[in-house]
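Have a look at the structure below, then the notes.
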Amino acid sequence: MVRVGLVAFGMAGRVFHAPLISSVDGLELTAVVERNTDNAAARYPGIRTYRALDALLGDAAIDLVVVATPSGSHFEVAKQVLAAGKHVVVDKPTAVRSSEIAELIRLSSERRVHLIPFHNRRWDGDFLTIQKLLHEGLLGRLVYMQSTFDRWNPGQTRRPWKDDPELGGGMLLDLGTHIADQVFALFGRPQAVGGDVRRERDGEGANDAFTARLYYDGFTVELGANCLSSLARPRYHLRGTHGNYWKHGVDPQEAALNQVTRITAQDWGRQPASAWGTLAVMADGCLVTQPFETVPGNYRLYYEGVRDAVLGHAPAPVPALDAWRVAHILESVAQSAEEGRTIPCDWSSEPSL
């Protein structure tokens, strides 16, 4: 049994981590850090509540600590956890700067414990479907992929830190980490990047819209997200020499997790036919358009991988180095936006393990 301590019980801790940890055999949600409330204990009877991180780290029964604090604190909290010799899962982004992630990687190696980024959207159903499409070669040679995360949120954020770049605020680090990580998981290191990063909503604050272009050998990936899309673009659009794939809507797991403390549904992550994407490919000389079933998503697979890594049975489900690589890509996107030019990707500074 891997005993887990959760640092913070805000949206990330309550909606994502606690229900997933509680749904995986071999993981036990044992303790939580809540400074002023007992919300976790009300939802998970028997859990221990600590008022400070040091108290949690002093609990010898805790094997794994999950950091679900605001983004700007991830680096300092994760560093304390690693220094205490405990394995750590860190919600995205792992840290605000790639240099900070490199330091965490070094410390995890020295302490011989796992640093595992929470890049859970590798287990989105639509992303798993794209992996299947590409693996089976249904689109032919890929020439273009677009991945967007459009939202309609014209007002100010209710969490002030999300509008402070120094605290990890901004759409580029928030949703950009997810969609850039998906692309990295598919295709690896891009050769160059271009980007446009800006503030579109009224008022001062962090960036709330971006477009990024990742250049690979023979094809381009375009990423985008914003807060002013009352009519959203397709979540994915892939073009290949044999046809196209379009997918609207978002993976249903986040909304479902918001309603449960533990997953019990037998059809978890499965989308109805009305939400499937559309595949249009050549067959016998004709273009055939048809719905293409979405592979069921399953974030539990991430935490099953964490369990196996902590027990020494398998590598981490997301390598710590991938968090640095994604941060490096996003920093290059920001540099491109600032300098108004395409930035060749220099991977020479990648941390060594």
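Each chain in the structure tokens gets a letter, A, B, ..., in the order shown, and its residues are numbered from 1; ligands are numbered from 1 in order too.
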Extract, using only C-alpha atoms, all DNA, RNA and protein residues at most 9 Å from Arg325 of chain A, discarding same-chain residues fewer than 2 positions from it, and format them as a PDB file with N, CA and C atoms, in the first residue's frame.
ATOM      1  N   SER A  98      11.593  26.718 -16.357  1.00  0.00           N
ATOM      2  CA  SER A  98      12.285  25.464 -16.665  1.00  0.00           C
ATOM      3  C   SER A  98      13.516  25.285 -15.782  1.00  0.00           C
ATOM      4  N   ASP A 181       2.158  19.404 -23.818  1.00  0.00           N
ATOM      5  CA  ASP A 181       2.597  18.076 -23.371  1.00  0.00           C
ATOM      6  C   ASP A 181       2.008  16.981 -24.247  1.00  0.00           C
ATOM      7  N   PHE A 184       4.061  16.920 -27.330  1.00  0.00           N
ATOM      8  CA  PHE A 184       5.372  16.329 -27.071  1.00  0.00           C
ATOM      9  C   PHE A 184       5.273  14.812 -26.931  1.00  0.00           C
ATOM     10  N   ARG A 189      10.526  16.354 -29.576  1.00  0.00           N
ATOM     11  CA  ARG A 189      11.060  17.720 -29.612  1.00  0.00           C
ATOM     12  C   ARG A 189      10.791  18.384 -30.961  1.00  0.00           C
ATOM     13  N   LEU A 321      11.632  14.671 -16.794  1.00  0.00           N
ATOM     14  CA  LEU A 321      12.290  15.418 -17.861  1.00  0.00           C
ATOM     15  C   LEU A 321      11.284  15.986 -18.854  1.00  0.00           C
ATOM     16  N   ASP A 322      10.145  15.321 -19.027  1.00  0.00           N
ATOM     17  CA  ASP A 322       9.129  15.827 -19.948  1.00  0.00           C
ATOM     18  C   ASP A 322       8.555  17.155 -19.466  1.00  0.00           C
ATOM     19  N   ALA A 323       8.475  17.353 -18.156  1.00  0.00           N
ATOM     20  CA  ALA A 323       8.006  18.635 -17.633  1.00  0.00           C
ATOM     21  C   ALA A 323       8.971  19.747 -18.020  1.00  0.00           C
ATOM     22  N   ALA A 327       8.120  22.916 -20.537  1.00  0.00           N
ATOM     23  CA  ALA A 327       8.392  24.283 -20.083  1.00  0.00           C
ATOM     24  C   ALA A 327       9.343  24.990 -21.044  1.00  0.00           C
ATOM     25  N   HIS A 328      10.331  24.279 -21.547  1.00  0.00           N
ATOM     26  CA  HIS A 328      11.283  24.856 -22.505  1.00  0.00           C
ATOM     27  C   HIS A 328      10.568  25.270 -23.788  1.00  0.00           C
ATOM     28  N   ILE A 329       9.639  24.447 -24.250  1.00  0.00           N
ATOM     29  CA  ILE A 329       8.857  24.789 -25.445  1.00  0.00           C
ATOM     30  C   ILE A 329       8.048  26.061 -25.194  1.00  0.00           C
ATOM     31  N   LEU A 330       7.372  26.136 -24.064  1.00  0.00           N
ATOM     32  CA  LEU A 330       6.524  27.288 -23.774  1.00  0.00           C
ATOM     33  C   LEU A 330       7.346  28.557 -23.568  1.00  0.00           C
ATOM     34  N   TRP A 347      18.140  22.364 -27.649  1.00  0.00           N
ATOM     35  CA  TRP A 347      17.940  21.368 -26.610  1.00  0.00           C
ATOM     36  C   TRP A 347      19.229  21.027 -25.863  1.00  0.00           C
ATOM     37  N   GLU A 350      19.212  20.709 -21.923  1.00  0.00           N
ATOM     38  CA  GLU A 350      18.348  19.709 -21.293  1.00  0.00           C
ATOM     39  C   GLU A 350      19.060  19.051 -20.117  1.00  0.00           C
TER      40      GLU A 350
END
Note to self: Show me, as a list in words, the residues that have an atom within 10 Å of Asp164 of chain A when counting only C-alpha atoms, minus same-chain residues fewer than 2 positions from it.
What the structure shows: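 The residues that qualify are Gly72, Arg159, Pro160, Trp161, Lys162, Glu166, Leu167, Gly168, Gly169, Gly170, Glu204, Gly205, Ala206 and Asn207 of chain A.
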Mind writing the picked residues with C-alpha atoms as a compact mmCIF listing (two decimals), in the first residue's frame?
# COMPACT_ATOMS: atom_id res chain seq x y z
CA GLY A 72 3.58 29.75 -8.20
CA ARG A 159 -8.46 33.36 -8.06
CA PRO A 160 -6.22 36.46 -8.13
CA TRP A 161 -2.98 34.48 -8.45
CA LYS A 162 -4.13 33.32 -11.89
CA GLU A 166 5.10 35.62 -11.25
CA LEU A 167 2.72 33.26 -9.45
CA GLY A 168 2.24 31.05 -12.49
CA GLY A 169 -0.82 32.83 -13.82
CA GLY A 170 -1.67 33.08 -17.51
CA GLU A 204 -4.75 44.32 -16.45
CA GLY A 205 -3.48 40.84 -15.79
CA ALA A 206 -1.66 37.82 -17.16
CA ASN A 207 -1.95 36.57 -20.73
Contacts of segment 28-34 of chain A within 12 Å, only C-alpha atoms, excl. fewer than 5 positions in-chain, as a JSON list (two decimals) with C-alpha atoms, in the first residue's frame:
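Listing of result.json after writing:
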[["chain", "number", "residue", "atom", "x", "y", "z"],
["A", 1, "MET", "CA", 0.00, 0.00, 0.00],
["A", 2, "VAL", "CA", 1.30, 3.44, -0.96],
["A", 3, "ARG", "CA", 0.11, 6.03, 1.55],
["A", 4, "VAL", "CA", -0.52, 9.44, 0.04],
["A", 5, "GLY", "CA", -0.50, 12.92, 1.52],
["A", 6, "LEU", "CA", -2.24, 15.71, -0.39],
["A", 7, "VAL", "CA", -1.05, 19.30, -0.05],
["A", 8, "ALA", "CA", -4.07, 21.63, -0.41],
["A", 9, "PHE", "CA", -7.71, 20.82, -1.02],
["A", 10, "GLY", "CA", -8.76, 23.49, -3.47],
["A", 13, "GLY", "CA", -6.99, 18.60, -4.89],
["A", 14, "ARG", "CA", -10.73, 18.15, -4.52],
["A", 17, "HIS", "CA", -6.31, 14.21, -7.11],
["A", 18, "ALA", "CA", -8.41, 13.03, -4.18],
["A", 19, "PRO", "CA", -11.03, 11.15, -6.25],
["A", 20, "LEU", "CA", -8.40, 9.56, -8.47],
["A", 21, "ILE", "CA", -6.16, 8.48, -5.60],
["A", 22, "SER", "CA", -9.21, 7.01, -3.86],
["A", 23, "SER", "CA", -10.12, 5.07, -7.01],
["A", 39, "ASN", "CA", -13.19, 19.95, 3.92],
["A", 40, "ALA", "CA", -11.17, 16.85, 3.03],
["A", 41, "ALA", "CA", -12.08, 15.10, 6.29],
["A", 42, "ALA", "CA", -15.76, 15.80, 5.63],
["A", 43, "ARG", "CA", -15.53, 14.13, 2.23],
["A", 44, "TYR", "CA", -13.08, 11.39, 3.21],
["A", 45, "PRO", "CA", -13.80, 10.26, 6.80],
["A", 46, "GLY", "CA", -10.72, 9.00, 8.61],
["A", 47, "ILE", "CA", -8.24, 11.16, 6.75],
["A", 48, "ARG", "CA", -5.71, 13.06, 8.89],
["A", 49, "THR", "CA", -5.65, 16.84, 8.53],
["A", 50, "TYR", "CA", -2.44, 18.80, 9.05],
["A", 51, "ARG", "CA", -2.26, 22.59, 9.24],
["A", 52, "ALA", "CA", 1.27, 22.87, 7.86],
["A", 53, "LEU", "CA", 3.44, 21.12, 5.29],
["A", 54, "ASP", "CA", 6.17, 20.37, 7.84],
["A", 55, "ALA", "CA", 3.73, 18.34, 9.91],
["A", 56, "LEU", "CA", 2.77, 16.24, 6.90],
["A", 57, "LEU", "CA", 6.41, 15.70, 5.95],
["A", 58, "GLY", "CA", 7.09, 14.55, 9.50],
["A", 59, "ASP", "CA", 4.54, 11.75, 9.14],
["A", 60, "ALA", "CA", 6.69, 8.67, 8.55],
["A", 61, "ALA", "CA", 3.71, 6.73, 7.20],
["A", 62, "ILE", "CA", 3.43, 8.97, 4.11],
["A", 63, "ASP", "CA", 5.23, 7.55, 1.07],
["A", 64, "LEU", "CA", 3.99, 9.93, -1.62],
["A", 65, "VAL", "CA", 3.05, 13.61, -1.48],
["A", 66, "VAL", "CA", 0.81, 15.28, -4.07],
["A", 67, "VAL", "CA", 1.30, 19.02, -4.54],
["A", 68, "ALA", "CA", -1.99, 20.70, -5.51],
["A", 69, "THR", "CA", -1.22, 24.25, -4.36],
["A", 77, "VAL", "CA", 6.66, 22.98, -1.97],
["A", 261, "THR", "CA", -15.27, 11.27, -4.24],
["A", 262, "ARG", "CA", -14.44, 7.93, -5.83],
["A", 303, "TYR", "CA", -2.17, 7.10, -10.80],
["A", 307, "ARG", "CA", 1.72, 3.53, -7.73]]
Check: What residues in segment 25-246 of chain A get the DSSP label alpha helix (DSSP H)? Please answer as a PyMOL selection string.
Finding: chain A and resi 39-43+53-57+74-83+98-111+125-136+171-187
Checklist line | Residue neighbourhood Phe292 of chain A, 7 Å, only C-alpha atoms, exclusion window fewer than 2 positions, as a list in words | finding: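 The residues that qualify are Trp276, Gly277, Thr278, Leu279, Gln290 and Thr294 of chain A.
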Next item on the list: Do a neighbour search on Leu186 of chain A at 12 Å with only C-alpha atoms, toss out local chain neighbours closer than 3 positions, and write the hits as a list of chain:residue names.
Entry: A:Arg122, A:Phe127, A:Leu128, A:Thr129, A:Ile130, A:Gln131, A:Lys132, A:Leu133, A:Leu134, A:His135, A:Leu142, A:Met145, A:Ile179, A:Ala180, A:Asp181, A:Gln182, A:Val183, A:Arg189, A:Pro190, A:Tyr216, A:Val221
Notebook entry, point to check: Per DSSP on the backbone, what are the strand (DSSP E or B) residues of segment 110-215 of chain A, as a count of residues only?
Noted result: 28
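Shortest separation to Arg121 of chain A among A:Pro70, A:Gly176, A:Pro351, A:Pro315 occurs at residue A:Gly176, atoms counted being only C-alpha atoms.
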Checklist line | Minimum-distance residue to Cys227 of chain A, chosen among A:Met171, A:Met11, A:Val318, A:Leu301 (using only C-alpha atoms) | finding: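 Looking at the shortest contact to Cys227 of chain A, the residue is A:Met171.
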Notebook entry, point to check: Which of these, A:Gly243, A:Val326, A:Pro252, A:Arg35, has the shortest distance to Leu175 of chain A once you count only C-alpha atoms?
Noted result: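 Nearest candidate to Leu175 of chain A out of A:Gly243, A:Val326, A:Pro252, A:Arg35: A:Val326.
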Margin query: Here is a test: counting only C-alpha atoms, which residue of A:Arg151, A:Arg300, A:His114, A:Arg270 is nearest to Pro234 of chain A?
Written below: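 Checking each candidate against Pro234 of chain A, we get A:Arg151 as the closest.
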At a cut-off of 6 Å, can you tabulate as CSV every residue of segment 109-209 of chain A near segment 79-96 of chain A together with its closest atom pair and the distance in Å to one decimal, using only C-alpha atoms and ordering rows by chain then number?
residue,atom,partner,partner_atom,distance
A:Arg111,CA,A:Gly85,CA,5.9
A:Val113,CA,A:His87,CA,5.1
A:His114,CA,A:His87,CA,4.8
A:Leu115,CA,A:Val88,CA,5.2
A:Ile116,CA,A:Val89,CA,4.8
A:Pro117,CA,A:Val90,CA,5.1
A:Phe118,CA,A:Asp91,CA,4.8
A:Gly168,CA,A:Val96,CA,5.4
Selection export as a JSON list (two decimals), in the first residue's frame, atoms kept: C-alpha atoms:
[["chain", "number", "residue", "atom", "x", "y", "z"],
["A", 111, "ARG", "CA", 17.43, 11.85, -2.99],
["A", 113, "VAL", "CA", 12.83, 9.56, -5.11],
["A", 114, "HIS", "CA", 10.37, 10.13, -7.93],
["A", 115, "LEU", "CA", 9.33, 13.55, -9.22],
["A", 116, "ILE", "CA", 6.25, 12.92, -11.38],
["A", 117, "PRO", "CA", 4.45, 15.71, -13.28],
["A", 118, "PHE", "CA", 0.65, 15.55, -13.27],
["A", 168, "GLY", "CA", 2.24, 31.05, -12.49]]
Margin query: Please report the interatomic distance between atom CA of Ala314 of chain A and atom CA of Tyr302 of chain A in Å with one decimal.
Written below: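 These atoms are spaced 12.2 Å apart.
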Checklist line | atom CA of Glu103 of chain A to atom CA of Pro319 of chain A, distance in Å rounded to a single decimal | finding: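 According to the coordinates, atom CA of Glu103 of chain A and atom CA of Pro319 of chain A are separated by 14.7 Å.
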Please identify all polymer residues within 10 Å of Val281 of chain A, counting only C-alpha atoms, omitting same-chain residues fewer than 4 positions from it, and present them as a PDB file with C-alpha atoms, in the first residue's frame.
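selection_30.pdb written:
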ATOM      1  CA  LEU A 138      -5.672   6.172 -41.085  1.00  0.00           C
ATOM      2  CA  LEU A 139      -4.862   9.746 -42.112  1.00  0.00           C
ATOM      3  CA  GLY A 140      -1.866   8.880 -44.248  1.00  0.00           C
ATOM      4  CA  ARG A 239      -5.004  16.819 -41.792  1.00  0.00           C
ATOM      5  CA  GLY A 240      -3.195  14.043 -43.632  1.00  0.00           C
ATOM      6  CA  THR A 241      -2.632  12.851 -47.172  1.00  0.00           C
ATOM      7  CA  HIS A 242      -5.512  10.346 -46.855  1.00  0.00           C
ATOM      8  CA  GLY A 243      -8.014  12.547 -45.017  1.00  0.00           C
ATOM      9  CA  ASN A 244      -8.958  14.562 -41.929  1.00  0.00           C
ATOM     10  CA  TYR A 245     -10.185  14.093 -38.376  1.00  0.00           C
ATOM     11  CA  GLY A 285     -11.234   6.226 -54.597  1.00  0.00           C
ATOM     12  CA  CYS A 286     -14.054   7.981 -52.733  1.00  0.00           C
ATOM     13  CA  LEU A 287     -14.038  10.297 -49.728  1.00  0.00           C
ATOM     14  CA  VAL A 288     -15.971   8.600 -46.906  1.00  0.00           C
ATOM     15  CA  THR A 289     -17.113  10.671 -43.912  1.00  0.00           C
ATOM     16  CA  GLN A 290     -18.244   8.909 -40.760  1.00  0.00           C
TER      17      GLN A 290
END
